[in-house]
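What's in model.pdb: PDB, C-alpha atoms and all ligand atoms
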```
ATOM      1  CA  MET N   1     108.461  86.325 121.675
ATOM      2  CA  ASN N   2     111.197  88.919 121.946
ATOM      3  CA  PHE N   3     113.338  90.506 119.225
ATOM      4  CA  SER N   4     116.346  88.349 120.039
ATOM      5  CA  THR N   5     114.326  85.229 119.086
ATOM      6  CA  PHE N   6     113.546  86.758 115.673
ATOM      7  CA  SER N   7     117.185  87.482 115.024
ATOM      8  CA  LYS N   8     118.221  83.861 115.643
ATOM      9  CA  ALA N   9     118.549  81.277 112.884
ATOM     10  CA  PRO N  10     115.738  78.626 112.956
ATOM     11  CA  GLN N  11     118.278  75.855 113.596
ATOM     12  CA  THR N  12     119.259  77.456 116.903
ATOM     13  CA  LEU N  13     115.692  77.758 118.329
ATOM     14  CA  ASN N  14     114.110  75.264 120.703
ATOM     15  CA  ASN N  15     110.887  73.540 119.563
ATOM     16  CA  HIS N  16     108.566  75.920 121.391
ATOM     17  CA  ASP N  17     110.199  79.087 120.004
ATOM     18  CA  LEU N  18     110.473  77.611 116.505
ATOM     19  CA  LEU N  19     106.704  76.951 116.331
ATOM     20  CA  ALA N  20     105.869  80.323 117.909
ATOM     21  CA  ARG N  21     108.116  82.137 115.455
ATOM     22  CA  ALA N  22     106.555  80.387 112.435
ATOM     23  CA  ARG N  23     103.105  81.482 113.710
ATOM     24  CA  GLU N  24     104.295  85.058 114.104
ATOM     25  CA  LEU N  25     105.820  85.123 110.632
ATOM     26  CA  ALA N  26     102.597  83.763 109.063
ATOM     27  CA  HIS N  27     100.647  86.511 110.832
ATOM     28  CA  GLU N  28     103.149  89.093 109.630
ATOM     29  CA  GLU N  29     102.848  87.792 106.061
ATOM     30  CA  ARG N  30      99.025  88.091 106.149
ATOM     31  CA  ARG N  31      99.282  91.601 107.627
ATOM     32  CA  ALA N  32     101.635  92.646 104.817
ATOM     33  CA  GLY N  33      99.298  90.964 102.314
ATOM     34  CA  VAL N  34      96.341  93.056 103.460
ATOM     35  CA  ALA N  35      98.481  96.215 103.391
ATOM     36  CA  LEU N  36      99.427  95.353  99.802
ATOM     37  CA  LEU N  37      95.715  95.088  98.870
ATOM     38  CA  HIS N  38      95.165  98.620 100.231
ATOM     39  CA  HIS N  39      98.083  99.893  98.157
ATOM     40  CA  LEU N  40      96.808  98.142  95.030
ATOM     41  CA  ARG N  41      93.392  99.710  95.513
ATOM     42  CA  GLU N  42      94.937 103.195  95.668
ATOM     43  CA  ILE N  43      97.212 102.522  92.673
ATOM     44  CA  ASP N  44      94.108 101.365  90.793
ATOM     45  CA  ARG N  45      92.111 104.442  91.874
ATOM     46  CA  ARG N  46      94.886 106.774  90.666
ATOM     47  CA  ARG N  47      95.448 104.577  87.593
ATOM     48  CA  LEU N  48      99.174 104.754  88.298
ATOM     49  CA  PHE N  49      99.730 101.371  86.664
ATOM     50  CA  ALA N  50      98.888 102.960  83.291
ATOM     51  CA  LEU N  51     102.131 104.959  83.275
ATOM     52  CA  ASN N  52     104.028 101.836  82.333
ATOM     53  CA  HIS N  53     101.407  99.135  81.774
ATOM     54  CA  SER N  54      98.081  98.564  80.102
ATOM     55  CA  SER N  55      96.395  96.962  83.137
ATOM     56  CA  LEU N  56      96.694  96.596  86.894
ATOM     57  CA  HIS N  57      97.255  92.862  86.368
ATOM     58  CA  GLU N  58     100.213  93.527  84.079
ATOM     59  CA  TYR N  59     101.646  95.940  86.656
ATOM     60  CA  VAL N  60     101.374  93.381  89.491
ATOM     61  CA  VAL N  61     103.028  90.673  87.375
ATOM     62  CA  ARG N  62     105.808  92.724  85.822
ATOM     63  CA  GLU N  63     106.591  95.286  88.528
ATOM     64  CA  LEU N  64     105.819  93.337  91.695
ATOM     65  CA  GLY N  65     106.975  89.959  90.412
ATOM     66  CA  TYR N  66     103.864  87.867  91.078
ATOM     67  CA  SER N  67     102.744  85.020  88.835
ATOM     68  CA  ASP N  68      99.566  85.465  86.752
ATOM     69  CA  GLY N  69      97.528  83.422  89.248
ATOM     70  CA  ALA N  70      98.917  85.197  92.319
ATOM     71  CA  ALA N  71      98.280  88.607  90.718
ATOM     72  CA  HIS N  72      94.735  87.597  89.806
ATOM     73  CA  ARG N  73      94.015  86.425  93.373
ATOM     74  CA  ARG N  74      95.315  89.640  94.904
ATOM     75  CA  ILE N  75      93.406  91.920  92.525
ATOM     76  CA  SER N  76      90.162  89.951  92.971
ATOM     77  CA  ALA N  77      90.557  89.945  96.778
ATOM     78  CA  MET N  78      91.236  93.693  96.645
ATOM     79  CA  ARG N  79      87.981  94.236  94.726
ATOM     80  CA  LEU N  80      86.019  92.147  97.231
ATOM     81  CA  MET N  81      87.590  94.133 100.079
ATOM     82  CA  SER N  82      86.487  97.348  98.335
ATOM     83  CA  SER N  83      82.891  96.095  98.428
ATOM     84  CA  LEU N  84      83.145  94.560 101.913
ATOM     85  CA  PRO N  85      85.795  96.449 103.943
ATOM     86  CA  GLU N  86      85.130  94.242 106.980
ATOM     87  CA  ILE N  87      86.812  91.216 105.348
ATOM     88  CA  GLU N  88      90.124  92.902 106.102
ATOM     89  CA  ASP N  89      90.019  91.417 109.619
ATOM     90  CA  GLN N  90      89.203  87.945 108.276
ATOM     91  CA  LEU N  91      92.064  88.149 105.768
ATOM     92  CA  ARG N  92      94.453  89.265 108.468
ATOM     93  CA  SER N  93      93.434  86.509 110.880
ATOM     94  CA  GLY N  94      93.522  83.852 108.168
ATOM     95  CA  ALA N  95      89.816  83.028 108.539
ATOM     96  CA  LEU N  96      89.484  84.031 104.901
ATOM     97  CA  THR N  97      92.319  83.274 102.491
ATOM     98  CA  LEU N  98      93.236  85.308  99.420
ATOM     99  CA  SER N  99      92.215  82.306  97.291
ATOM    100  CA  THR N 100      88.745  82.070  98.811
ATOM    101  CA  ALA N 101      88.188  85.838  98.682
ATOM    102  CA  SER N 102      89.225  85.796  95.034
ATOM    103  CA  GLN N 103      86.916  82.826  94.387
ATOM    104  CA  VAL N 104      83.935  84.698  95.877
ATOM    105  CA  GLN N 105      84.705  87.842  93.864
ATOM    106  CA  ASN N 106      85.044  85.869  90.596
ATOM    107  CA  PHE N 107      81.803  84.034  91.306
ATOM    108  CA  LEU N 108      79.854  87.227  92.049
ATOM    109  CA  ARG N 109      81.206  88.902  88.919
ATOM    110  CA  ALA N 110      80.286  85.903  86.740
ATOM    111  CA  GLU N 111      76.855  85.723  88.358
ATOM    112  CA  LYS N 112      76.177  89.374  87.556
ATOM    113  CA  LYS N 113      77.337  88.894  83.971
ATOM    114  CA  LEU N 114      75.339  85.703  83.370
ATOM    115  CA  THR N 115      72.127  86.483  85.221
ATOM    116  CA  GLY N 116      72.172  90.273  85.419
ATOM    117  CA  ASN N 117      71.677  90.001  89.183
ATOM    118  CA  ALA N 118      74.176  91.785  91.376
ATOM    119  CA  ALA N 119      74.387  90.358  94.898
ATOM    120  CA  SER N 120      73.405  92.834  97.612
ATOM    121  CA  THR N 121      75.866  93.728 100.357
ATOM    122  CA  ALA N 122      73.852  91.582 102.796
ATOM    123  CA  GLU N 123      74.046  88.599 100.410
ATOM    124  CA  MET N 124      77.783  89.109  99.968
ATOM    125  CA  ARG N 125      78.234  89.083 103.744
ATOM    126  CA  GLN N 126      76.252  85.843 103.969
ATOM    127  CA  ILE N 127      78.383  84.215 101.272
ATOM    128  CA  VAL N 128      81.634  85.281 102.950
ATOM    129  CA  ALA N 129      80.355  83.935 106.299
ATOM    130  CA  LYS N 130      79.593  80.586 104.632
ATOM    131  CA  VAL N 131      83.039  80.206 103.027
ATOM    132  CA  GLU N 132      84.987  81.403 106.061
ATOM    133  CA  GLY N 133      87.502  78.769 107.156
ATOM    134  CA  LYS N 134      86.680  76.598 104.123
ATOM    135  CA  SER N 135      89.125  75.156 101.593
ATOM    136  CA  THR N 136      88.886  76.178  97.929
ATOM    137  CA  ARG N 137      87.044  72.942  97.096
ATOM    138  CA  GLU N 138      84.591  73.394  99.987
ATOM    139  CA  ALA N 139      83.991  77.024  99.007
ATOM    140  CA  GLU N 140      83.276  75.843  95.447
ATOM    141  CA  SER N 141      80.461  73.631  96.778
ATOM    142  CA  VAL N 142      79.008  76.496  98.852
ATOM    143  CA  LEU N 143      78.944  78.778  95.800
ATOM    144  CA  ALA N 144      77.508  76.039  93.552
ATOM    145  CA  VAL N 145      74.492  75.753  95.865
ATOM    146  CA  ARG N 146      73.791  79.470  95.390
ATOM    147  CA  ALA N 147      73.872  79.376  91.565
ATOM    148  CA  PRO N 148      74.711  76.005  89.925
ATOM    149  CA  GLU N 149      74.735  77.467  86.399
ATOM    150  CA  VAL N 150      77.377  80.025  87.378
ATOM    151  CA  ALA N 151      79.523  77.325  89.002
ATOM    152  CA  GLN N 152      79.204  75.237  85.831
ATOM    153  CA  HIS N 153      80.187  78.205  83.658
ATOM    154  CA  LEU N 154      83.263  78.918  85.793
ATOM    155  CA  ALA N 155      84.290  75.238  85.766
ATOM    156  CA  ALA N 156      84.075  75.224  81.953
ATOM    157  CA  ARG N 157      86.108  78.453  81.748
ATOM    158  CA  LYS N 158      88.753  76.874  83.960
ATOM    159  CA  LEU N 159      89.100  73.962  81.548
ATOM    160  CA  GLU N 160      89.371  76.380  78.625
ATOM    161  CA  ARG N 161      92.558  77.876  80.046
ATOM    162  CA  PRO N 162      95.309  77.192  77.504
ATOM    163  CA  ARG N 163      98.154  74.906  78.520
ATOM    164  CA  VAL N 164     101.351  75.115  76.491
ATOM    165  CA  VAL N 165     102.141  71.648  75.137
ATOM    166  CA  GLY N 166     104.594  72.175  72.316
ATOM    167  CA  THR N 167     107.948  73.835  71.783
ATOM    168  CA  ASP N 168     106.223  75.865  69.041
ATOM    169  CA  GLN N 169     103.971  77.416  71.730
ATOM    170  CA  SER N 170     100.961  75.254  70.734
ATOM    171  CA  VAL N 171      98.417  75.077  73.528
ATOM    172  CA  GLN N 172      95.846  72.526  74.635
ATOM    173  CA  VAL N 173      92.393  73.501  75.864
ATOM    174  CA  THR N 174      89.288  71.572  76.858
ATOM    175  CA  LEU N 175      86.095  72.946  75.356
ATOM    176  CA  THR N 176      82.502  72.292  76.370
ATOM    177  CA  LEU N 177      80.247  72.678  73.327
ATOM    178  CA  SER N 178      76.539  73.247  73.844
ATOM    179  CA  ARG N 179      74.122  71.264  71.644
ATOM    180  CA  GLU N 180      73.308  74.490  69.841
ATOM    181  CA  LEU N 181      76.966  75.165  69.021
ATOM    182  CA  GLN N 182      77.480  71.570  67.877
ATOM    183  CA  LEU N 183      74.609  71.974  65.400
ATOM    184  CA  LYS N 184      76.042  75.259  64.117
ATOM    185  CA  LEU N 185      79.436  73.598  63.559
ATOM    186  CA  GLN N 186      77.740  70.710  61.779
ATOM    187  CA  ARG N 187      76.015  73.192  59.450
ATOM    188  CA  LEU N 188      79.333  74.914  58.858
ATOM    189  CA  ARG N 189      80.942  71.546  57.994
ATOM    190  CA  ASP N 190      78.108  70.840  55.507
ATOM    191  CA  ARG N 191      78.468  74.275  53.876
ATOM    192  CA  THR N 192      82.261  74.027  53.533
ATOM    193  CA  ALA N 193      82.453  70.336  52.591
ATOM    194  CA  HIS N 194      83.832  71.265  49.140
ATOM    195  CA  ARG N 195      87.007  72.550  50.865
ATOM    196  CA  ASP N 196      87.427  69.600  53.187
ATOM    197  CA  PRO N 197      84.720  66.982  53.776
ATOM    198  CA  ASN N 198      85.946  66.150  57.255
ATOM    199  CA  PRO N 199      87.742  69.088  58.877
ATOM    200  CA  SER N 200      89.025  68.884  62.439
ATOM    201  CA  LEU N 201      87.624  71.238  65.059
ATOM    202  CA  THR N 202      90.945  73.105  65.011
ATOM    203  CA  GLN N 203      90.631  73.657  61.245
ATOM    204  CA  GLN N 204      87.083  74.934  61.667
ATOM    205  CA  ILE N 205      88.182  77.391  64.344
ATOM    206  CA  GLU N 206      90.997  78.587  62.093
ATOM    207  CA  TRP N 207      88.606  79.151  59.166
ATOM    208  CA  LEU N 208      86.247  81.059  61.405
ATOM    209  CA  ALA N 209      89.081  83.190  62.792
ATOM    210  CA  ASP N 210      90.422  83.953  59.276
ATOM    211  CA  PHE N 211      86.960  84.753  57.975
ATOM    212  CA  THR N 212      86.049  87.045  60.882
ATOM    213  CA  LEU N 213      89.377  88.879  60.845
ATOM    214  CA  ALA N 214      89.158  89.410  57.082
ATOM    215  CA  LYS N 215      85.640  90.740  57.512
ATOM    216  CA  LEU N 216      86.682  93.095  60.335
ATOM    217  CA  SER N 217      89.562  94.436  58.250
ATOM    218  CA  GLY N 218      87.370  94.712  55.184
ATOM    219  CA  ALA N 219      85.513  97.588  53.631
ATOM    220  CA  SER N 220      83.816  98.584  56.876
ATOM    221  CA  GLY N 221      87.186  99.062  58.624
ATOM    222  CA  GLU N 222      87.895  98.024  62.182
ATOM    223  CA  LYS N 223      85.107  98.237  64.714
ATOM    224  CA  ARG N 224      84.352 101.838  65.561
ATOM    225  CA  LYS N 225      84.950 103.068  69.068
ATOM    226  CA  VAL N 226      84.183 106.420  70.587
ATOM    227  CA  SER N 227      87.318 108.046  71.895
ATOM    228  CA  SER N 228      86.844 109.917  75.163
ATOM    229  CA  SER N 229      88.956 112.738  73.798
ATOM    230  CA  GLY N 230      86.656 112.911  70.820
ATOM    231  CA  ALA N 231      86.683 110.727  67.729
ATOM    232  CA  GLU N 232      84.625 108.517  65.501
ATOM    233  CA  ALA N 233      81.252 109.148  67.030
ATOM    234  CA  MET N 234      79.671 110.626  63.929
ATOM    235  CA  PRO N 235      78.074 108.697  61.088
ATOM    236  CA  ALA N 236      79.279 109.221  57.523
ATOM    237  CA  PRO N 237      78.039 112.549  56.226
ATOM    238  CA  CYS N 238      75.792 112.831  53.180
ATOM    239  CA  LYS N 239      77.435 114.059  49.975
ATOM    240  CA  ASN N 240      76.340 117.676  50.159
ATOM    241  CA  ALA N 241      76.986 118.246  53.846
ATOM    242  CA  ASN N 242      80.260 119.493  55.312
ATOM    243  CA  PRO N 243      81.889 116.497  57.001
ATOM    244  CA  SER N 244      82.112 116.718  60.773
ATOM    245  CA  PRO N 245      85.690 117.270  62.018
ATOM    246  CA  ARG N 246      85.230 114.072  64.034
ATOM    247  CA  TYR N 247      84.389 111.995  60.972
ATOM    248  CA  ILE N 248      87.061 109.472  59.965
ATOM    249  CA  SER N 249      86.652 107.690  56.654
ATOM    250  CA  SER N 250      86.958 103.907  56.440
ATOM    251  CA  SER N 251      90.137 104.147  54.389
ATOM    252  CA  LEU N 252      91.743 106.533  56.886
ATOM    253  CA  ARG N 253      90.672 104.281  59.752
ATOM    254  CA  ARG N 254      92.247 101.302  58.028
ATOM    255  CA  GLU N 255      95.448 103.303  57.460
ATOM    256  CA  VAL N 256      95.674 104.188  61.178
ATOM    257  CA  TRP N 257      95.152 100.567  62.233
ATOM    258  CA  ARG N 258      97.696  99.305  59.690
ATOM    259  CA  ARG N 259     100.297 101.925  60.613
ATOM    260  CA  ALA N 260      99.948 101.026  64.301
ATOM    261  CA  ALA N 261     100.196  97.301  63.475
ATOM    262  CA  HIS N 262      96.914  96.790  65.386
ATOM    263  CA  ARG N 263      98.578  97.681  68.689
ATOM    264  CA  CYS N 264      98.302 100.559  71.172
ATOM    265  CA  GLU N 265     100.718 103.350  70.259
ATOM    266  CA  MET N 266     101.154 104.853  73.745
ATOM    267  CA  ARG N 267     104.801 105.390  74.568
ATOM    268  CA  LEU N 268     105.242 104.368  78.226
ATOM    269  CA  PHE N 269     107.465 106.049  80.833
ATOM    270  CA  SER N 270     109.938 103.203  80.382
ATOM    271  CA  GLY N 271     110.314 104.179  76.730
ATOM    272  CA  MET N 272     108.649 100.941  75.631
ATOM    273  CA  ARG N 273     105.478 100.949  73.581
ATOM    274  CA  CYS N 274     102.262  99.571  75.132
ATOM    275  CA  SER N 275     101.691  95.989  73.964
ATOM    276  CA  ARG N 276      97.899  96.018  74.263
ATOM    277  CA  THR N 277      95.955  94.762  71.220
ATOM    278  CA  HIS N 278      92.572  94.533  72.970
ATOM    279  CA  LEU N 279      89.766  97.137  72.845
ATOM    280  CA  LEU N 280      91.697  99.627  70.733
ATOM    281  CA  GLN N 281      90.275 103.046  69.919
ATOM    282  CA  ILE N 282      91.273 105.714  67.396
ATOM    283  CA  ASP N 283      92.203 108.953  69.161
ATOM    284  CA  HIS N 284      92.900 112.506  67.976
ATOM    285  CA  LEU N 285      96.378 113.544  69.154
ATOM    286  CA  HIS N 286      95.239 117.170  69.123
ATOM    287  CA  PRO N 287      91.598 117.007  70.285
ATOM    288  CA  VAL N 288      88.830 118.008  67.893
ATOM    289  CA  ALA N 289      87.455 120.346  70.562
ATOM    290  CA  TRP N 290      90.737 122.302  70.346
ATOM    291  CA  GLY N 291      90.752 122.450  66.567
ATOM    292  CA  GLY N 292      92.394 119.091  65.853
ATOM    293  CA  ALA N 293      91.580 117.536  62.491
ATOM    294  CA  SER N 294      90.784 113.995  61.420
ATOM    295  CA  THR N 295      93.945 113.592  59.387
ATOM    296  CA  ALA N 296      96.419 110.712  59.392
ATOM    297  CA  ASP N 297      99.100 112.706  61.205
ATOM    298  CA  ASN N 298      96.656 113.686  63.967
ATOM    299  CA  LEU N 299      95.318 110.186  64.633
ATOM    300  CA  GLN N 300      96.690 107.380  66.757
ATOM    301  CA  LEU N 301      95.526 104.018  68.048
ATOM    302  CA  LEU N 302      95.213 103.668  71.842
ATOM    303  CA  CYS N 303      93.968 100.976  74.192
ATOM    304  CA  ALA N 304      91.042 101.950  76.409
ATOM    305  CA  VAL N 305      93.267 102.405  79.484
ATOM    306  CA  HIS N 306      95.684 104.778  77.763
ATOM    307  CA  ASN N 307      92.945 106.651  75.958
ATOM    308  CA  GLN N 308      91.376 107.278  79.372
ATOM    309  CA  LEU N 309      94.754 108.226  80.857
ATOM    310  CA  LYS N 310      95.244 110.777  78.098
ATOM    311  CA  SER N 311      91.763 112.221  78.674
ATOM    312  CA  ASP N 312      92.390 112.467  82.413
ATOM    313  CA  ARG N 313      95.492 114.534  81.752
ATOM    314  CA  LEU N 314      93.875 117.042  79.400
ATOM    315  CA  PRO N 315      93.306 120.387  81.134
ATOM    316  CA  GLY N 316      89.640 121.062  81.759
ATOM    317  CA  GLN N 317      88.741 117.358  81.880
ATOM    318  CA  VAL N 318      86.834 116.196  84.948
TER     319      VAL N 318
HETATM  320 ZN    ZN D   1      97.930 101.091  75.810
END
```
Translate this structure into structure tokens?
Amino acid sequence: MNFSTFSKAPQTLNNHDLLARARELAHEERRAGVALLHHLREIDRRRLFALNHSSLHEYVVRELGYSDGAAHRRISAMRLMSSLPEIEDQLRSGALTLSTASQVQNFLRAEKKLTGNAASTAEMRQIVAKVEGKSTREAESVLAVRAPEVAQHLAARKLERPRVVGTDQSVQVTLTLSRELQLKLQRLRDRTAHRDPNPSLTQQIEWLADFTLAKLSGASGEKRKVSSSGAEAMPAPCKNANPSPRYISSSLRREVWRRAAHRCEMRLFSGMRCSRTHLLQIDHLHPVAWGGASTADNLQLLCAVHNQLKSDRLPGQV
């Protein structure tokens, strides 16, 4: 097909050229898709997404304009391609789709988490060969044969995905409760019957959430994390000892969390503040190793990504 065919509007092409052009465009789209995966891998390696976002996923959604699902598929396929560089050809030819590559990567990750067994490179190659040219549903069956319990776990997780059902942002989820969990909830109902003899599952979850959050914010402070730039690693000192400069009292820790409104305090390049509320860590603005103190004005709350970004930028860090 020559350039002049590409410059013509589809309505002006004859049947043969129209079909040939559609094939060419699909190939071009897959080629660009693979090139994008290479770029994402490099952006991830340099952690460039952290300049304005708290995760690569957030970057792909907000900066590149993909939906949550499309971003997830591309990042998962990129990770599989990092482990098995040869799938690049299959992705480009269409023998392996982004969806199937993502499915394999998610399955292998869940398998490692659930069973502790990481698939070898040879096993990964075998799996990819088996799902090549298969639809998502067919690939699901192939993976289920390898590890039924992992397939079951992933199916349950899929059902747990919240679906917005109300104008007040209420969501609907489908939960699979093990027999063990059902018995625990029954015991909880028995122990709290004085409050409500027949609470709904939603009420029970709310009680549990309130109770756990109150406990986490209680006397012991928020869960301690070790900051890579140096904080919170030391236990409370005994009365007669000089406190370590890294030591942060529970009350000070609570003050830092409260002041930050339980959210990462990193100011992004865009001027916005990071919105991350997950895996937060207390960090010394001026590192302890450089004489920084554990005082309220020298402490901040950072998410793990931005704490790492800050550490990477400190001179002398490797
Ligand atoms: Zn952050």
Hey, which residues come within 10 Å of ligand ZN 1 (chain D) if we count all atoms listed in the file? Could you give them as a ChimeraX atom specification?
-> /N:50-55,263-268,273-281,301-309
Residues proximal to (76.8, 79.2, 95.0) were defined as those with any atom within 12 Å of that point in the file's coordinates, counting all atoms listed in the file. Which are they, as a tab-separated table (two decimals) with C-alpha atoms, in the frame of the given file?
```
chain	number	residue	atom	x	y	z
N	103	GLN	CA	86.92	82.83	94.39
N	104	VAL	CA	83.94	84.70	95.88
N	105	GLN	CA	84.70	87.84	93.86
N	106	ASN	CA	85.04	85.87	90.60
N	107	PHE	CA	81.80	84.03	91.31
N	108	LEU	CA	79.85	87.23	92.05
N	110	ALA	CA	80.29	85.90	86.74
N	111	GLU	CA	76.86	85.72	88.36
N	119	ALA	CA	74.39	90.36	94.90
N	123	GLU	CA	74.05	88.60	100.41
N	124	MET	CA	77.78	89.11	99.97
N	126	GLN	CA	76.25	85.84	103.97
N	127	ILE	CA	78.38	84.22	101.27
N	128	VAL	CA	81.63	85.28	102.95
N	130	LYS	CA	79.59	80.59	104.63
N	131	VAL	CA	83.04	80.21	103.03
N	138	GLU	CA	84.59	73.39	99.99
N	139	ALA	CA	83.99	77.02	99.01
N	140	GLU	CA	83.28	75.84	95.45
N	141	SER	CA	80.46	73.63	96.78
N	142	VAL	CA	79.01	76.50	98.85
N	143	LEU	CA	78.94	78.78	95.80
N	144	ALA	CA	77.51	76.04	93.55
N	145	VAL	CA	74.49	75.75	95.86
N	146	ARG	CA	73.79	79.47	95.39
N	147	ALA	CA	73.87	79.38	91.56
N	148	PRO	CA	74.71	76.00	89.92
N	149	GLU	CA	74.74	77.47	86.40
N	150	VAL	CA	77.38	80.03	87.38
N	151	ALA	CA	79.52	77.32	89.00
N	152	GLN	CA	79.20	75.24	85.83
N	153	HIS	CA	80.19	78.20	83.66
N	154	LEU	CA	83.26	78.92	85.79
```
In Å to one decimal, how far is CA of Ser99 in chain N from CA of Ala118 in chain N?
-> 21.2 Å
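Take the candidates N:Ala261, N:Leu114, N:Leu37, N:Leu98 and check each one against Ser82 in chain N using all atoms listed in the file; the shortest distance goes to N:Leu37.
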Which of these, N:Ala9, N:Leu216, N:Ala193, N:Leu285, has the shortest distance to His262 in chain N once you count all atoms listed in the file?
->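 Checking each of N:Ala9, N:Leu216, N:Ala193, N:Leu285 against His262 in chain N, counting all atoms listed in the file, the winner is N:Leu216.
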Nearest candidate to Pro287 in chain N (options N:Leu18, N:Ala95, N:Leu299, N:Val60; using all atoms listed in the file) =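 Once distances to Pro287 in chain N are computed over all atoms listed in the file, the minimum belongs to N:Leu299.
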Box for range 181-197 of chain N: with edges along x, y and z, all listed atoms inside and 5 Å added on each side, what are the centre and edge lengths in Å to one decimal, as AutoDock Vina command-line options?
```
--center_x 81.0 --center_y 71.1 --center_z 59.1 --size_x 22.8 --size_y 18.3 --size_z 29.9
```
Coordinates-based distance that separates CA of Ser200 in chain N from CA of Leu181 in chain N (Å, one decimal) = 15.1 Å
Residue members of the PyMOL selection byres (((chain N and resi 96) around 10) and not hetatm) in the file shown, as a compact mmCIF listing (two decimals) with C-alpha atoms, in the frame of the given file:
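Written file, selection-v8.txt:
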```txt
# COMPACT_ATOMS: atom_id res chain seq x y z
CA ILE N 87 86.81 91.22 105.35
CA GLU N 88 90.12 92.90 106.10
CA ASP N 89 90.02 91.42 109.62
CA GLN N 90 89.20 87.94 108.28
CA LEU N 91 92.06 88.15 105.77
CA ARG N 92 94.45 89.26 108.47
CA SER N 93 93.43 86.51 110.88
CA GLY N 94 93.52 83.85 108.17
CA ALA N 95 89.82 83.03 108.54
CA THR N 97 92.32 83.27 102.49
CA LEU N 98 93.24 85.31 99.42
CA SER N 99 92.22 82.31 97.29
CA THR N 100 88.74 82.07 98.81
CA ALA N 101 88.19 85.84 98.68
CA VAL N 128 81.63 85.28 102.95
CA ALA N 129 80.36 83.94 106.30
CA VAL N 131 83.04 80.21 103.03
CA GLU N 132 84.99 81.40 106.06
CA GLY N 133 87.50 78.77 107.16
CA LYS N 134 86.68 76.60 104.12
CA SER N 135 89.12 75.16 101.59
```
Can you work out the spacing between CA of Ile248 in chain N and CA of Asn298 in chain N in Å, to one decimal?
-> 11.2 Å
Pick out the residues sitting within 12 Å of Arg45 in chain N, and hand them over as a count of residues only; count all atoms listed in the file, and ignore anything fewer than 4 positions along from it in its own chain.
-> 11
